[in-house]
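Undergrad: Okay, here's the structure, questions in a sec.
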Amino acid sequence: MKEIIIDGNSYKFDPGQTVLEVARGNDIDIPTLCYSEHLSITGACRMCLVENKENGSLETACTLPARDGLEVETDNDKIYDARKTVLDLILSDHPMTCMTCEANGDCQLQDLAYQFDIEESSYGSKKEDRFELEERNSFIVYDPDKCILCGKCVRADSELQCSDAIEFSERGFKTKVAAAFDEGLGGEDSSCVFCGLCVENCPTAALSYKPARKKGREYELRKQRTTCGYCGVGCQVELNIKGNEVIKVDSVYDDTAPNPDGEMCVKGRFAYGFIDSPDRLKYPLIKKDGEFVESSWDEALDYIADNLSRIRDEHGGREIGALSSARCTNEENYIMQKFMRAVMKTNSVEHCARL
């Protein structure tokens with residue numbers, strides 16, 4: 001294999017890898033804001049600057065192809081000053097409202113400001129908002145003034161979800177990410193399916209989940225990985241829990257999962273309110289004397305088995321039907337139809353794909 005020299009050490013690499021990928025694969029830290037291994041590369045934020053020792057130039061590590069014999073440095077005074085200047089410029093057009101910001105404690109821009117010891121921009125702080133807060137839909141809030149134009153949301157929407165619901169609009173200081181005709185994500189002409197990938201990829205609080213706002217800071221939340229129950233695909237999700245309440249649902253990036261790039265549908269992302277609903281059934285109900293009363297699972301299953309057997313024996317299997325669901329796996333649906341045909345002696349098996 002070919003080798004590249006990073007900070008005086010040689011590392012093997014695969015064809016097509018960039019300097020950033022080789023560095024991260026060897027636990028060498030290079031800061032980024034616009035990079036994601038799941039998205040195409042744009043080099044928009046310029047935070048990953050490294051020094052090419054062949055000519056002394058500073059180049060973005062995410063766009064610099066690794067090649068045999070290439071020598072780069074990732075950490076010296078020249079690189080540090082350049083990265084700090086880039087960050088300083090970004091912060092000059094960013095509201096410094098970290099104390100009340102939704103992403104406080106979970107913001108890549110905040111982390112870098114801490115790393116480079118920037119309390120406020122040397123170019124002056126942003127004094128007033130230029131854009132209106134967009135919160136016309138029920139799921140996602142967009143604050144263009146907190147957007148750093150990294151483009152991760154646009155690429156996630158286009159390359160992973162393939163909705164093409166958002167794109168850059170205007171130019172210069174008026175540039176922002178917008179939906180069709182600037183009507184917002186919930187507009188009539190918007191193709192947004194509210195998968196949440198744009199929020200998932202946002203490095204700041206420009207995009208945030210509306211149901212989770214003011215519900216808790218990142219460091220207050222307990223994480224629990226689980227399987228989404230809304231269909232049989234088996235997408236992996238991460239629940240964010242405060243106390244006993246699910247605050248929000250994040251993506252899981254796992255090559256072994258059905259959704260390795262974090263894709264989710266609107267139900268998997270936002271339809272978790274039923275968990276704490278006072279109307280949610282927690283125990284089986286059996287009707288006795290015209291009223292539904294709580295029972296144990298053993299009692300309920302015995303009741304079902306006895307009555308199904310009785311109806312089959314007295315009236316025949318044609319009097320029984322089964323309705324299965326898309327929320328079940330293929331295996332569970334197979335068992336359902338096999339049970340109805342082989343045991344209940346009926347072919348009246350239907351499937352409901354509406355969740």
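Naming works like this for the structure tokens: A, B, ... for the chains as they're shown, residue 1 at the start of each chain, ligands 1 onward in shown order.
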Compile the contact shell of A:Tyr35 as a ChimeraX atom specification: residues with an atom at most 12 Å away, counting only C-alpha atoms, same-chain residues fewer than 2 positions apart removed.
TA: /A:18,20-21,24,30-33,37-48,60-63,108,150-153,155-156,201-203
Undergrad: Just the residues within 12 Å of stretch 166-172 of chain A, please, counting only C-alpha atoms, with nothing from its chain fewer than 6 positions along; format it as a VMD selection string.
TA: chain A and resid 93 142 144 147 to 159 178 to 187 189 to 194 197 to 198
Undergrad: Using atom CA of A:Asp143 and atom CA of A:Glu245 as the two end points, give the distance in Å to one decimal.
TA: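 Computing it gives 26.0 Å between the two atoms.
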Undergrad: Name the closest residue to A:Gln161 among the candidates A:Val343, A:Val249, A:Ile5, A:Met264; distances are taken between atoms, counting only C-alpha atoms.
TA: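 Among the listed residues, A:Met264 lies closest to A:Gln161.
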Undergrad: Hey, what does DSSP flag as alpha helix (DSSP H) within stretch 114-353 of chain A? Can you give it to me as a PyMOL selection string?
TA: chain A and resi 114-115+152-155+197-201+266-270+297-315+330-342
